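As provided, coords34.cif (mmCIF, N, CA and C atoms) reads as follows.
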data_model
#
loop_
_atom_site.label_atom_id
_atom_site.label_comp_id
_atom_site.auth_asym_id
_atom_site.auth_seq_id
_atom_site.Cartn_x
_atom_site.Cartn_y
_atom_site.Cartn_z
N MET C 845 -37.18 -7.41 -28.48
CA MET C 845 -35.95 -7.44 -27.72
C MET C 845 -36.26 -7.89 -26.30
N ASN C 846 -35.33 -8.61 -25.73
CA ASN C 846 -35.45 -9.14 -24.38
C ASN C 846 -35.49 -8.00 -23.36
N ILE C 847 -36.42 -8.08 -22.41
CA ILE C 847 -36.57 -7.02 -21.41
C ILE C 847 -35.33 -6.89 -20.53
N LEU C 848 -34.65 -8.00 -20.26
CA LEU C 848 -33.43 -7.92 -19.45
C LEU C 848 -32.32 -7.17 -20.20
N ALA C 849 -32.23 -7.39 -21.50
CA ALA C 849 -31.24 -6.68 -22.31
C ALA C 849 -31.54 -5.18 -22.35
N VAL C 850 -32.82 -4.84 -22.47
CA VAL C 850 -33.21 -3.42 -22.48
C VAL C 850 -32.91 -2.78 -21.13
N LEU C 851 -33.24 -3.47 -20.05
CA LEU C 851 -32.95 -2.96 -18.72
C LEU C 851 -31.44 -2.81 -18.52
N GLY C 852 -30.68 -3.79 -19.00
CA GLY C 852 -29.22 -3.71 -18.91
C GLY C 852 -28.68 -2.53 -19.68
N ALA C 853 -29.22 -2.28 -20.87
CA ALA C 853 -28.78 -1.14 -21.68
C ALA C 853 -29.10 0.18 -20.98
N PHE C 854 -30.27 0.26 -20.35
CA PHE C 854 -30.64 1.48 -19.62
C PHE C 854 -29.69 1.71 -18.44
N ILE C 855 -29.41 0.65 -17.69
CA ILE C 855 -28.52 0.78 -16.54
C ILE C 855 -27.10 1.10 -17.01
N MET C 856 -26.69 0.56 -18.17
CA MET C 856 -25.37 0.88 -18.71
C MET C 856 -25.28 2.37 -19.05
N THR C 857 -26.38 2.95 -19.47
CA THR C 857 -26.41 4.39 -19.73
C THR C 857 -26.20 5.17 -18.44
N MET C 858 -26.73 4.65 -17.34
CA MET C 858 -26.49 5.29 -16.04
C MET C 858 -25.00 5.20 -15.68
N ALA C 859 -24.36 4.08 -16.03
CA ALA C 859 -22.92 3.94 -15.81
C ALA C 859 -22.16 4.96 -16.65
N PHE C 860 -22.59 5.12 -17.91
CA PHE C 860 -21.97 6.10 -18.81
C PHE C 860 -22.04 7.50 -18.19
N LEU C 861 -23.20 7.88 -17.71
CA LEU C 861 -23.35 9.21 -17.10
C LEU C 861 -22.50 9.35 -15.84
N SER C 862 -22.47 8.32 -15.03
CA SER C 862 -21.69 8.37 -13.79
C SER C 862 -20.20 8.47 -14.07
N TYR C 863 -19.71 7.60 -14.96
CA TYR C 863 -18.29 7.67 -15.32
C TYR C 863 -17.96 9.02 -15.95
N GLY C 864 -18.86 9.51 -16.78
CA GLY C 864 -18.63 10.80 -17.44
C GLY C 864 -18.52 11.95 -16.46
N ILE C 865 -19.45 12.00 -15.50
CA ILE C 865 -19.40 13.07 -14.49
C ILE C 865 -18.13 12.95 -13.66
N GLY C 866 -17.78 11.73 -13.26
CA GLY C 866 -16.56 11.53 -12.48
C GLY C 866 -15.31 11.92 -13.25
N SER C 867 -15.24 11.52 -14.51
CA SER C 867 -14.06 11.81 -15.33
C SER C 867 -13.91 13.29 -15.62
N VAL C 868 -15.00 13.94 -15.98
CA VAL C 868 -14.95 15.37 -16.29
C VAL C 868 -14.61 16.17 -15.03
N THR C 869 -15.18 15.78 -13.90
CA THR C 869 -14.88 16.47 -12.65
C THR C 869 -13.41 16.30 -12.27
N LEU C 870 -12.89 15.10 -12.44
CA LEU C 870 -11.48 14.85 -12.14
C LEU C 870 -10.58 15.69 -13.04
N GLU C 871 -10.90 15.73 -14.32
CA GLU C 871 -10.11 16.50 -15.28
C GLU C 871 -10.23 18.00 -15.00
N ARG C 872 -11.40 18.46 -14.68
CA ARG C 872 -11.64 19.89 -14.50
C ARG C 872 -10.95 20.44 -13.26
N PHE C 873 -11.10 19.72 -12.14
CA PHE C 873 -10.58 20.24 -10.88
C PHE C 873 -9.24 19.64 -10.47
N ARG C 874 -8.89 18.50 -11.07
CA ARG C 874 -7.61 17.83 -10.84
C ARG C 874 -7.37 17.49 -9.37
N ILE C 875 -8.45 17.24 -8.66
CA ILE C 875 -8.37 16.79 -7.27
C ILE C 875 -9.37 15.64 -7.08
N VAL C 876 -9.10 14.83 -6.07
CA VAL C 876 -10.03 13.76 -5.73
C VAL C 876 -10.98 14.30 -4.68
N GLY C 877 -12.20 14.58 -5.11
CA GLY C 877 -13.22 15.07 -4.20
C GLY C 877 -14.33 14.04 -4.07
N ILE C 878 -15.31 14.37 -3.28
CA ILE C 878 -16.42 13.45 -3.03
C ILE C 878 -17.20 13.14 -4.31
N VAL C 879 -17.31 14.11 -5.20
CA VAL C 879 -18.04 13.89 -6.46
C VAL C 879 -17.35 12.83 -7.31
N VAL C 880 -16.04 12.93 -7.42
CA VAL C 880 -15.27 11.97 -8.22
C VAL C 880 -15.42 10.57 -7.63
N LEU C 881 -15.20 10.45 -6.32
CA LEU C 881 -15.29 9.14 -5.66
C LEU C 881 -16.69 8.53 -5.81
N LEU C 882 -17.70 9.34 -5.56
CA LEU C 882 -19.08 8.86 -5.62
C LEU C 882 -19.46 8.41 -7.02
N PHE C 883 -19.15 9.23 -8.02
CA PHE C 883 -19.59 8.89 -9.37
C PHE C 883 -18.80 7.75 -9.99
N TYR C 884 -17.53 7.61 -9.66
CA TYR C 884 -16.80 6.43 -10.12
C TYR C 884 -17.36 5.16 -9.49
N LEU C 885 -17.67 5.23 -8.20
CA LEU C 885 -18.24 4.07 -7.52
C LEU C 885 -19.62 3.73 -8.08
N LEU C 886 -20.44 4.74 -8.32
CA LEU C 886 -21.75 4.51 -8.93
C LEU C 886 -21.61 3.92 -10.34
N GLY C 887 -20.68 4.45 -11.11
CA GLY C 887 -20.47 3.94 -12.46
C GLY C 887 -20.10 2.47 -12.44
N LEU C 888 -19.21 2.10 -11.54
CA LEU C 888 -18.80 0.71 -11.41
C LEU C 888 -19.98 -0.17 -10.99
N MET C 889 -20.76 0.31 -10.03
CA MET C 889 -21.92 -0.44 -9.57
C MET C 889 -22.94 -0.62 -10.71
N PHE C 890 -23.26 0.46 -11.40
CA PHE C 890 -24.21 0.37 -12.52
C PHE C 890 -23.71 -0.58 -13.60
N GLU C 891 -22.41 -0.51 -13.89
CA GLU C 891 -21.87 -1.35 -14.96
C GLU C 891 -21.95 -2.83 -14.59
N VAL C 892 -21.62 -3.17 -13.36
CA VAL C 892 -21.69 -4.57 -12.93
C VAL C 892 -23.13 -5.08 -13.01
N ILE C 893 -24.08 -4.27 -12.56
CA ILE C 893 -25.49 -4.66 -12.62
C ILE C 893 -25.93 -4.82 -14.06
N ALA C 894 -25.55 -3.88 -14.92
CA ALA C 894 -25.94 -3.93 -16.33
C ALA C 894 -25.36 -5.15 -17.02
N ILE C 895 -24.10 -5.46 -16.74
CA ILE C 895 -23.48 -6.64 -17.33
C ILE C 895 -24.23 -7.89 -16.90
N GLY C 896 -24.62 -7.93 -15.63
CA GLY C 896 -25.40 -9.07 -15.13
C GLY C 896 -26.71 -9.23 -15.87
N PHE C 897 -27.43 -8.14 -16.07
CA PHE C 897 -28.70 -8.21 -16.81
C PHE C 897 -28.49 -8.65 -18.25
N MET C 898 -27.49 -8.08 -18.89
CA MET C 898 -27.25 -8.42 -20.29
C MET C 898 -26.79 -9.86 -20.46
N ALA C 899 -25.95 -10.31 -19.55
CA ALA C 899 -25.47 -11.69 -19.63
C ALA C 899 -26.60 -12.69 -19.37
N SER C 900 -27.49 -12.35 -18.45
CA SER C 900 -28.59 -13.26 -18.13
C SER C 900 -29.73 -13.19 -19.14
N SER C 901 -29.70 -12.19 -20.01
CA SER C 901 -30.77 -12.08 -21.02
C SER C 901 -30.67 -13.20 -22.05
N GLY C 902 -29.45 -13.69 -22.26
CA GLY C 902 -29.26 -14.81 -23.19
C GLY C 902 -29.63 -14.49 -24.63
N SER C 903 -29.60 -13.20 -24.98
CA SER C 903 -29.99 -12.84 -26.33
C SER C 903 -28.97 -13.29 -27.37
N GLY C 904 -27.70 -13.32 -26.99
CA GLY C 904 -26.65 -13.79 -27.91
C GLY C 904 -26.47 -12.93 -29.14
N ARG C 905 -26.95 -11.70 -29.10
CA ARG C 905 -26.86 -10.83 -30.27
C ARG C 905 -25.56 -10.03 -30.33
N MET C 906 -24.88 -9.92 -29.23
CA MET C 906 -23.65 -9.14 -29.23
C MET C 906 -22.52 -9.96 -29.83
N GLY C 907 -21.75 -9.33 -30.69
CA GLY C 907 -20.62 -10.01 -31.29
C GLY C 907 -19.49 -10.17 -30.29
N SER C 908 -18.62 -11.09 -30.60
CA SER C 908 -17.51 -11.34 -29.68
C SER C 908 -16.60 -10.12 -29.58
N TRP C 909 -16.52 -9.30 -30.63
CA TRP C 909 -15.70 -8.09 -30.60
C TRP C 909 -16.20 -7.13 -29.53
N HIS C 910 -17.51 -7.04 -29.38
CA HIS C 910 -18.08 -6.14 -28.37
C HIS C 910 -17.82 -6.70 -26.97
N VAL C 911 -17.93 -7.99 -26.81
CA VAL C 911 -17.69 -8.62 -25.51
C VAL C 911 -16.24 -8.41 -25.08
N ILE C 912 -15.31 -8.65 -25.99
CA ILE C 912 -13.88 -8.49 -25.67
C ILE C 912 -13.56 -7.04 -25.35
N LEU C 913 -14.02 -6.13 -26.19
CA LEU C 913 -13.78 -4.71 -25.94
C LEU C 913 -14.45 -4.26 -24.64
N GLY C 914 -15.64 -4.77 -24.38
CA GLY C 914 -16.36 -4.44 -23.14
C GLY C 914 -15.62 -4.91 -21.91
N ILE C 915 -15.06 -6.10 -21.97
CA ILE C 915 -14.29 -6.62 -20.83
C ILE C 915 -13.05 -5.75 -20.59
N ILE C 916 -12.36 -5.41 -21.66
CA ILE C 916 -11.17 -4.55 -21.52
C ILE C 916 -11.56 -3.19 -20.95
N ALA C 917 -12.64 -2.61 -21.47
CA ALA C 917 -13.08 -1.29 -21.00
C ALA C 917 -13.50 -1.36 -19.53
N PHE C 918 -14.20 -2.44 -19.15
CA PHE C 918 -14.59 -2.60 -17.75
C PHE C 918 -13.36 -2.68 -16.85
N LEU C 919 -12.38 -3.47 -17.25
CA LEU C 919 -11.17 -3.62 -16.44
C LEU C 919 -10.40 -2.30 -16.32
N LEU C 920 -10.36 -1.54 -17.42
CA LEU C 920 -9.69 -0.24 -17.36
C LEU C 920 -10.39 0.71 -16.40
N MET C 921 -11.71 0.72 -16.42
CA MET C 921 -12.45 1.60 -15.51
C MET C 921 -12.37 1.09 -14.07
N LEU C 922 -12.27 -0.22 -13.89
CA LEU C 922 -12.08 -0.77 -12.56
C LEU C 922 -10.73 -0.31 -11.98
N VAL C 923 -9.68 -0.41 -12.80
CA VAL C 923 -8.37 0.06 -12.37
C VAL C 923 -8.40 1.56 -12.08
N ASN C 924 -9.09 2.31 -12.93
CA ASN C 924 -9.18 3.76 -12.74
C ASN C 924 -9.87 4.09 -11.42
N THR C 925 -10.96 3.40 -11.14
CA THR C 925 -11.69 3.63 -9.90
C THR C 925 -10.84 3.29 -8.68
N ILE C 926 -10.16 2.17 -8.75
CA ILE C 926 -9.27 1.77 -7.64
C ILE C 926 -8.16 2.81 -7.46
N TRP C 927 -7.59 3.25 -8.56
CA TRP C 927 -6.50 4.23 -8.52
C TRP C 927 -6.96 5.53 -7.85
N VAL C 928 -8.17 6.00 -8.23
CA VAL C 928 -8.70 7.23 -7.63
C VAL C 928 -8.90 7.04 -6.13
N TRP C 929 -9.40 5.88 -5.72
CA TRP C 929 -9.58 5.62 -4.29
C TRP C 929 -8.24 5.53 -3.57
N VAL C 930 -7.21 4.97 -4.21
CA VAL C 930 -5.88 4.91 -3.60
C VAL C 930 -5.34 6.32 -3.38
N VAL C 931 -5.53 7.19 -4.38
CA VAL C 931 -5.11 8.59 -4.23
C VAL C 931 -5.84 9.22 -3.06
N TYR C 932 -7.13 8.95 -2.93
CA TYR C 932 -7.90 9.50 -1.81
C TYR C 932 -7.34 9.00 -0.47
N PHE C 933 -7.07 7.70 -0.35
CA PHE C 933 -6.57 7.17 0.91
C PHE C 933 -5.17 7.70 1.25
N LYS C 934 -4.38 7.98 0.23
CA LYS C 934 -3.02 8.49 0.47
C LYS C 934 -3.01 10.00 0.76
N LYS C 935 -3.83 10.75 0.02
CA LYS C 935 -3.76 12.21 0.10
C LYS C 935 -5.00 12.86 0.71
N GLY C 936 -6.06 12.11 0.92
CA GLY C 936 -7.28 12.66 1.49
C GLY C 936 -8.11 13.41 0.45
N PHE C 937 -9.21 13.97 0.92
CA PHE C 937 -10.04 14.77 0.03
C PHE C 937 -9.23 15.95 -0.50
N ASP C 938 -9.54 16.34 -1.67
CA ASP C 938 -8.85 17.43 -2.35
C ASP C 938 -7.38 17.14 -2.60
N GLY C 939 -7.04 15.85 -2.66
CA GLY C 939 -5.67 15.47 -2.98
C GLY C 939 -5.41 15.67 -4.47
N GLN C 940 -4.31 16.31 -4.77
CA GLN C 940 -3.94 16.55 -6.17
C GLN C 940 -3.66 15.23 -6.88
N VAL C 941 -4.09 15.12 -8.11
CA VAL C 941 -3.84 13.90 -8.89
C VAL C 941 -2.69 14.14 -9.86
N SER C 942 -2.01 13.07 -10.20
CA SER C 942 -0.87 13.16 -11.11
C SER C 942 -1.36 13.28 -12.56
N MET C 943 -0.47 13.76 -13.39
CA MET C 943 -0.77 13.84 -14.82
C MET C 943 -0.94 12.44 -15.40
N THR C 944 -0.24 11.47 -14.84
CA THR C 944 -0.36 10.09 -15.31
C THR C 944 -1.78 9.59 -15.10
N LEU C 945 -2.34 9.87 -13.92
CA LEU C 945 -3.72 9.45 -13.65
C LEU C 945 -4.69 10.16 -14.59
N LEU C 946 -4.47 11.44 -14.83
CA LEU C 946 -5.36 12.17 -15.73
C LEU C 946 -5.31 11.61 -17.15
N LYS C 947 -4.13 11.29 -17.63
CA LYS C 947 -4.00 10.71 -18.97
C LYS C 947 -4.62 9.33 -19.03
N TYR C 948 -4.41 8.53 -18.00
CA TYR C 948 -5.00 7.20 -17.95
C TYR C 948 -6.53 7.30 -17.94
N THR C 949 -7.05 8.24 -17.16
CA THR C 949 -8.50 8.43 -17.08
C THR C 949 -9.08 8.76 -18.45
N LYS C 950 -8.42 9.66 -19.17
CA LYS C 950 -8.91 10.01 -20.51
C LYS C 950 -8.91 8.81 -21.44
N ALA C 951 -7.82 8.04 -21.43
CA ALA C 951 -7.72 6.88 -22.32
C ALA C 951 -8.73 5.80 -21.93
N ALA C 952 -8.86 5.53 -20.65
CA ALA C 952 -9.79 4.50 -20.19
C ALA C 952 -11.23 4.88 -20.51
N PHE C 953 -11.58 6.14 -20.25
CA PHE C 953 -12.95 6.57 -20.52
C PHE C 953 -13.24 6.59 -22.02
N LEU C 954 -12.27 6.99 -22.81
CA LEU C 954 -12.44 6.98 -24.26
C LEU C 954 -12.72 5.57 -24.77
N LEU C 955 -11.93 4.61 -24.33
CA LEU C 955 -12.16 3.22 -24.74
C LEU C 955 -13.51 2.72 -24.24
N TRP C 956 -13.89 3.12 -23.03
CA TRP C 956 -15.17 2.71 -22.48
C TRP C 956 -16.32 3.29 -23.33
N VAL C 957 -16.20 4.54 -23.72
CA VAL C 957 -17.24 5.17 -24.55
C VAL C 957 -17.32 4.49 -25.92
N ILE C 958 -16.18 4.13 -26.49
CA ILE C 958 -16.19 3.42 -27.78
C ILE C 958 -16.92 2.10 -27.64
N SER C 959 -16.64 1.36 -26.57
CA SER C 959 -17.33 0.10 -26.32
C SER C 959 -18.83 0.32 -26.14
N TYR C 960 -19.18 1.35 -25.41
CA TYR C 960 -20.60 1.69 -25.17
C TYR C 960 -21.30 2.01 -26.50
N LEU C 961 -20.67 2.83 -27.32
CA LEU C 961 -21.27 3.21 -28.61
C LEU C 961 -21.37 2.02 -29.56
N LEU C 962 -20.35 1.14 -29.56
CA LEU C 962 -20.42 -0.05 -30.40
C LEU C 962 -21.54 -0.98 -29.93
N GLY C 963 -21.76 -1.04 -28.64
CA GLY C 963 -22.87 -1.83 -28.11
C GLY C 963 -24.21 -1.27 -28.57
N ILE C 964 -24.34 0.03 -28.55
CA ILE C 964 -25.58 0.67 -29.02
C ILE C 964 -25.77 0.40 -30.51
N ALA C 965 -24.68 0.56 -31.28
CA ALA C 965 -24.78 0.31 -32.72
C ALA C 965 -25.18 -1.13 -33.01
N THR C 966 -24.65 -2.05 -32.23
CA THR C 966 -24.99 -3.45 -32.41
C THR C 966 -26.47 -3.69 -32.12
N ILE C 967 -26.97 -3.07 -31.07
CA ILE C 967 -28.39 -3.23 -30.72
C ILE C 967 -29.27 -2.66 -31.83
N ILE C 968 -28.89 -1.50 -32.35
CA ILE C 968 -29.72 -0.84 -33.35
C ILE C 968 -29.70 -1.55 -34.70
N TRP C 969 -28.50 -1.92 -35.16
CA TRP C 969 -28.38 -2.42 -36.52
C TRP C 969 -28.42 -3.93 -36.67
N PHE C 970 -28.28 -4.65 -35.59
CA PHE C 970 -28.28 -6.11 -35.73
C PHE C 970 -29.39 -6.65 -34.95
#
What's the structure tokens form of this structure?
Amino acid sequence: MNILAVLGAFIMTMAFLSYGIGSVTLERFRIVGIVVLLFYLLGLMFEVIAIGFMASSGSGRMGSWHVILGIIAFLLMLVNTIWVWVVYFKKGFDGQVSMTLLKYTKAAFLLWVISYLLGIATIIWF
């Protein structure tokens, strides 16, 4: 396997952990705190770096279904991250989040995890 693809997969796992911590913290406390902001931003940063490594690896092993789902999942998490920052700028730290944001976060993270798991399955079985 290409070293860039492996490095990209490792960094994508860091994105998974960052998004997960941010999402669980947001759901648990229902406020925008420093942990949520930091981990969403880290998740986005890790994901962009990982996508860059995987795209430059040129392995061509990922199916188009994974690429399409990955793009959608990335865009959903990008919107989620922007939304959380907008709530922070409007309400400040410890600003209460709406139920709409909480539901969107769950749906976006779920789709992101499905894309992540399908990517792992593709690496393992193909």
I would like the residues chosen by the PyMOL selection byres (((chain C and resi 938-951 and name CA) around 12) and name CA) on the shown file; could you give them as a tab-separated table (two decimals) with N, CA and C atoms, in the frame of the given file?
chain	number	residue	atom	x	y	z
C	863	TYR	N	-19.71	7.60	-14.96
C	863	TYR	CA	-18.29	7.67	-15.32
C	863	TYR	C	-17.96	9.02	-15.95
C	864	GLY	N	-18.86	9.51	-16.78
C	864	GLY	CA	-18.63	10.80	-17.44
C	864	GLY	C	-18.52	11.95	-16.46
C	866	GLY	N	-17.78	11.73	-13.26
C	866	GLY	CA	-16.56	11.53	-12.48
C	866	GLY	C	-15.31	11.92	-13.25
C	867	SER	N	-15.24	11.52	-14.51
C	867	SER	CA	-14.06	11.81	-15.33
C	867	SER	C	-13.91	13.29	-15.62
C	868	VAL	N	-15.00	13.94	-15.98
C	868	VAL	CA	-14.95	15.37	-16.29
C	868	VAL	C	-14.61	16.17	-15.03
C	869	THR	N	-15.18	15.78	-13.90
C	869	THR	CA	-14.88	16.47	-12.65
C	869	THR	C	-13.41	16.30	-12.27
C	870	LEU	N	-12.89	15.10	-12.44
C	870	LEU	CA	-11.48	14.85	-12.14
C	870	LEU	C	-10.58	15.69	-13.04
C	871	GLU	N	-10.90	15.73	-14.32
C	871	GLU	CA	-10.11	16.50	-15.28
C	871	GLU	C	-10.23	18.00	-15.00
C	872	ARG	N	-11.40	18.46	-14.68
C	872	ARG	CA	-11.64	19.89	-14.50
C	872	ARG	C	-10.95	20.44	-13.26
C	873	PHE	N	-11.10	19.72	-12.14
C	873	PHE	CA	-10.58	20.24	-10.88
C	873	PHE	C	-9.24	19.64	-10.47
C	874	ARG	N	-8.89	18.50	-11.07
C	874	ARG	CA	-7.61	17.83	-10.84
C	874	ARG	C	-7.37	17.49	-9.37
C	875	ILE	N	-8.45	17.24	-8.66
C	875	ILE	CA	-8.37	16.79	-7.27
C	875	ILE	C	-9.37	15.64	-7.08
C	876	VAL	N	-9.10	14.83	-6.07
C	876	VAL	CA	-10.03	13.76	-5.73
C	876	VAL	C	-10.98	14.30	-4.68
C	877	GLY	N	-12.20	14.58	-5.11
C	877	GLY	CA	-13.22	15.07	-4.20
C	877	GLY	C	-14.33	14.04	-4.07
C	878	ILE	N	-15.31	14.37	-3.28
C	878	ILE	CA	-16.42	13.45	-3.03
C	878	ILE	C	-17.20	13.14	-4.31
C	879	VAL	N	-17.31	14.11	-5.20
C	879	VAL	CA	-18.04	13.89	-6.46
C	879	VAL	C	-17.35	12.83	-7.31
C	880	VAL	N	-16.04	12.93	-7.42
C	880	VAL	CA	-15.27	11.97	-8.22
C	880	VAL	C	-15.42	10.57	-7.63
C	881	LEU	N	-15.20	10.45	-6.32
C	881	LEU	CA	-15.29	9.14	-5.66
C	881	LEU	C	-16.69	8.53	-5.81
C	884	TYR	N	-17.53	7.61	-9.66
C	884	TYR	CA	-16.80	6.43	-10.12
C	884	TYR	C	-17.36	5.16	-9.49
C	916	ILE	N	-12.36	-5.41	-21.66
C	916	ILE	CA	-11.17	-4.55	-21.52
C	916	ILE	C	-11.56	-3.19	-20.95
C	917	ALA	N	-12.64	-2.61	-21.47
C	917	ALA	CA	-13.08	-1.29	-21.00
C	917	ALA	C	-13.50	-1.36	-19.53
C	920	LEU	N	-10.36	-1.54	-17.42
C	920	LEU	CA	-9.69	-0.24	-17.36
C	920	LEU	C	-10.39	0.71	-16.40
C	921	MET	N	-11.71	0.72	-16.42
C	921	MET	CA	-12.45	1.60	-15.51
C	921	MET	C	-12.37	1.09	-14.07
C	922	LEU	N	-12.27	-0.22	-13.89
C	922	LEU	CA	-12.08	-0.77	-12.56
C	922	LEU	C	-10.73	-0.31	-11.98
C	923	VAL	N	-9.68	-0.41	-12.80
C	923	VAL	CA	-8.37	0.06	-12.37
C	923	VAL	C	-8.40	1.56	-12.08
C	924	ASN	N	-9.09	2.31	-12.93
C	924	ASN	CA	-9.18	3.76	-12.74
C	924	ASN	C	-9.87	4.09	-11.42
C	925	THR	N	-10.96	3.40	-11.14
C	925	THR	CA	-11.69	3.63	-9.90
C	925	THR	C	-10.84	3.29	-8.68
C	926	ILE	N	-10.16	2.17	-8.75
C	926	ILE	CA	-9.27	1.77	-7.64
C	926	ILE	C	-8.16	2.81	-7.46
C	927	TRP	N	-7.59	3.25	-8.56
C	927	TRP	CA	-6.50	4.23	-8.52
C	927	TRP	C	-6.96	5.53	-7.85
C	928	VAL	N	-8.17	6.00	-8.23
C	928	VAL	CA	-8.70	7.23	-7.63
C	928	VAL	C	-8.90	7.04	-6.13
C	929	TRP	N	-9.40	5.88	-5.72
C	929	TRP	CA	-9.58	5.62	-4.29
C	929	TRP	C	-8.24	5.53	-3.57
C	930	VAL	N	-7.21	4.97	-4.21
C	930	VAL	CA	-5.88	4.91	-3.60
C	930	VAL	C	-5.34	6.32	-3.38
C	931	VAL	N	-5.53	7.19	-4.38
C	931	VAL	CA	-5.11	8.59	-4.23
C	931	VAL	C	-5.84	9.22	-3.06
C	932	TYR	N	-7.13	8.95	-2.93
C	932	TYR	CA	-7.90	9.50	-1.81
C	932	TYR	C	-7.34	9.00	-0.47
C	933	PHE	N	-7.07	7.70	-0.35
C	933	PHE	CA	-6.57	7.17	0.91
C	933	PHE	C	-5.17	7.70	1.25
C	934	LYS	N	-4.38	7.98	0.23
C	934	LYS	CA	-3.02	8.49	0.47
C	934	LYS	C	-3.01	10.00	0.76
C	935	LYS	N	-3.83	10.75	0.02
C	935	LYS	CA	-3.76	12.21	0.10
C	935	LYS	C	-5.00	12.86	0.71
C	936	GLY	N	-6.06	12.11	0.92
C	936	GLY	CA	-7.28	12.66	1.49
C	936	GLY	C	-8.11	13.41	0.45
C	937	PHE	N	-9.21	13.97	0.92
C	937	PHE	CA	-10.04	14.77	0.03
C	937	PHE	C	-9.23	15.95	-0.50
C	952	ALA	N	-8.86	5.53	-20.65
C	952	ALA	CA	-9.79	4.50	-20.19
C	952	ALA	C	-11.23	4.88	-20.51
C	953	PHE	N	-11.58	6.14	-20.25
C	953	PHE	CA	-12.95	6.57	-20.52
C	953	PHE	C	-13.24	6.59	-22.02
C	954	LEU	N	-12.27	6.99	-22.81
C	954	LEU	CA	-12.44	6.98	-24.26
C	954	LEU	C	-12.72	5.57	-24.77
C	955	LEU	N	-11.93	4.61	-24.33
C	955	LEU	CA	-12.16	3.22	-24.74
C	955	LEU	C	-13.51	2.72	-24.24
C	956	TRP	N	-13.89	3.12	-23.03
C	956	TRP	CA	-15.17	2.71	-22.48
C	956	TRP	C	-16.32	3.29	-23.33
C	957	VAL	N	-16.20	4.54	-23.72
C	957	VAL	CA	-17.24	5.17	-24.55
C	957	VAL	C	-17.32	4.49	-25.92
C	958	ILE	N	-16.18	4.13	-26.49
C	958	ILE	CA	-16.19	3.42	-27.78
C	958	ILE	C	-16.92	2.10	-27.64
What does the distance between atom N of Phe883 (chain C) and atom N of Ala965 (chain C) come to in Å, to one decimal place?
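Pair atom N of Phe883 (chain C) / atom N of Ala965 (chain C) returns 25.4 Å.
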Just to confirm, what's the straight-line distance from atom C of Val892 (chain C) to atom C of Phe854 (chain C) in Å (one decimal)?
10.9 Å
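As for CA of Ala859 (chain C) and CA of Leu913 (chain C), they are spaced 16.2 Å apart.
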Picked residues, the PyMOL selection byres (((chain C and resi 851 and name CA) around 12) and name CA), expected as a list in words
Met845, Asn846, Ile847, Leu848, Ala849, Val850, Gly852, Ala853, Phe854, Ile855, Met856, Thr857, Met858, Phe890, Glu891, Ile893, Ala894, Ile895, Gly896, Phe897, Met898, Ala899, Ser900 and Ser901 of chain C
Just-selected residues, N, CA and C atoms written as a short mmCIF file (atom, residue, chain, number, x, y, z; two decimals), in the coordinates of the input:
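And here's part05.cif as it stands now:
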data_model
loop_
_atom_site.label_atom_id
_atom_site.label_comp_id
_atom_site.auth_asym_id
_atom_site.auth_seq_id
_atom_site.Cartn_x
_atom_site.Cartn_y
_atom_site.Cartn_z
N MET C 845 -37.18 -7.41 -28.48
CA MET C 845 -35.95 -7.44 -27.72
C MET C 845 -36.26 -7.89 -26.30
N ASN C 846 -35.33 -8.61 -25.73
CA ASN C 846 -35.45 -9.14 -24.38
C ASN C 846 -35.49 -8.00 -23.36
N ILE C 847 -36.42 -8.08 -22.41
CA ILE C 847 -36.57 -7.02 -21.41
C ILE C 847 -35.33 -6.89 -20.53
N LEU C 848 -34.65 -8.00 -20.26
CA LEU C 848 -33.43 -7.92 -19.45
C LEU C 848 -32.32 -7.17 -20.20
N ALA C 849 -32.23 -7.39 -21.50
CA ALA C 849 -31.24 -6.68 -22.31
C ALA C 849 -31.54 -5.18 -22.35
N VAL C 850 -32.82 -4.84 -22.47
CA VAL C 850 -33.21 -3.42 -22.48
C VAL C 850 -32.91 -2.78 -21.13
N GLY C 852 -30.68 -3.79 -19.00
CA GLY C 852 -29.22 -3.71 -18.91
C GLY C 852 -28.68 -2.53 -19.68
N ALA C 853 -29.22 -2.28 -20.87
CA ALA C 853 -28.78 -1.14 -21.68
C ALA C 853 -29.10 0.18 -20.98
N PHE C 854 -30.27 0.26 -20.35
CA PHE C 854 -30.64 1.48 -19.62
C PHE C 854 -29.69 1.71 -18.44
N ILE C 855 -29.41 0.65 -17.69
CA ILE C 855 -28.52 0.78 -16.54
C ILE C 855 -27.10 1.10 -17.01
N MET C 856 -26.69 0.56 -18.17
CA MET C 856 -25.37 0.88 -18.71
C MET C 856 -25.28 2.37 -19.05
N THR C 857 -26.38 2.95 -19.47
CA THR C 857 -26.41 4.39 -19.73
C THR C 857 -26.20 5.17 -18.44
N MET C 858 -26.73 4.65 -17.34
CA MET C 858 -26.49 5.29 -16.04
C MET C 858 -25.00 5.20 -15.68
N PHE C 890 -23.26 0.46 -11.40
CA PHE C 890 -24.21 0.37 -12.52
C PHE C 890 -23.71 -0.58 -13.60
N GLU C 891 -22.41 -0.51 -13.89
CA GLU C 891 -21.87 -1.35 -14.96
C GLU C 891 -21.95 -2.83 -14.59
N ILE C 893 -24.08 -4.27 -12.56
CA ILE C 893 -25.49 -4.66 -12.62
C ILE C 893 -25.93 -4.82 -14.06
N ALA C 894 -25.55 -3.88 -14.92
CA ALA C 894 -25.94 -3.93 -16.33
C ALA C 894 -25.36 -5.15 -17.02
N ILE C 895 -24.10 -5.46 -16.74
CA ILE C 895 -23.48 -6.64 -17.33
C ILE C 895 -24.23 -7.89 -16.90
N GLY C 896 -24.62 -7.93 -15.63
CA GLY C 896 -25.40 -9.07 -15.13
C GLY C 896 -26.71 -9.23 -15.87
N PHE C 897 -27.43 -8.14 -16.07
CA PHE C 897 -28.70 -8.21 -16.81
C PHE C 897 -28.49 -8.65 -18.25
N MET C 898 -27.49 -8.08 -18.89
CA MET C 898 -27.25 -8.42 -20.29
C MET C 898 -26.79 -9.86 -20.46
N ALA C 899 -25.95 -10.31 -19.55
CA ALA C 899 -25.47 -11.69 -19.63
C ALA C 899 -26.60 -12.69 -19.37
N SER C 900 -27.49 -12.35 -18.45
CA SER C 900 -28.59 -13.26 -18.13
C SER C 900 -29.73 -13.19 -19.14
N SER C 901 -29.70 -12.19 -20.01
CA SER C 901 -30.77 -12.08 -21.02
C SER C 901 -30.67 -13.20 -22.05
#
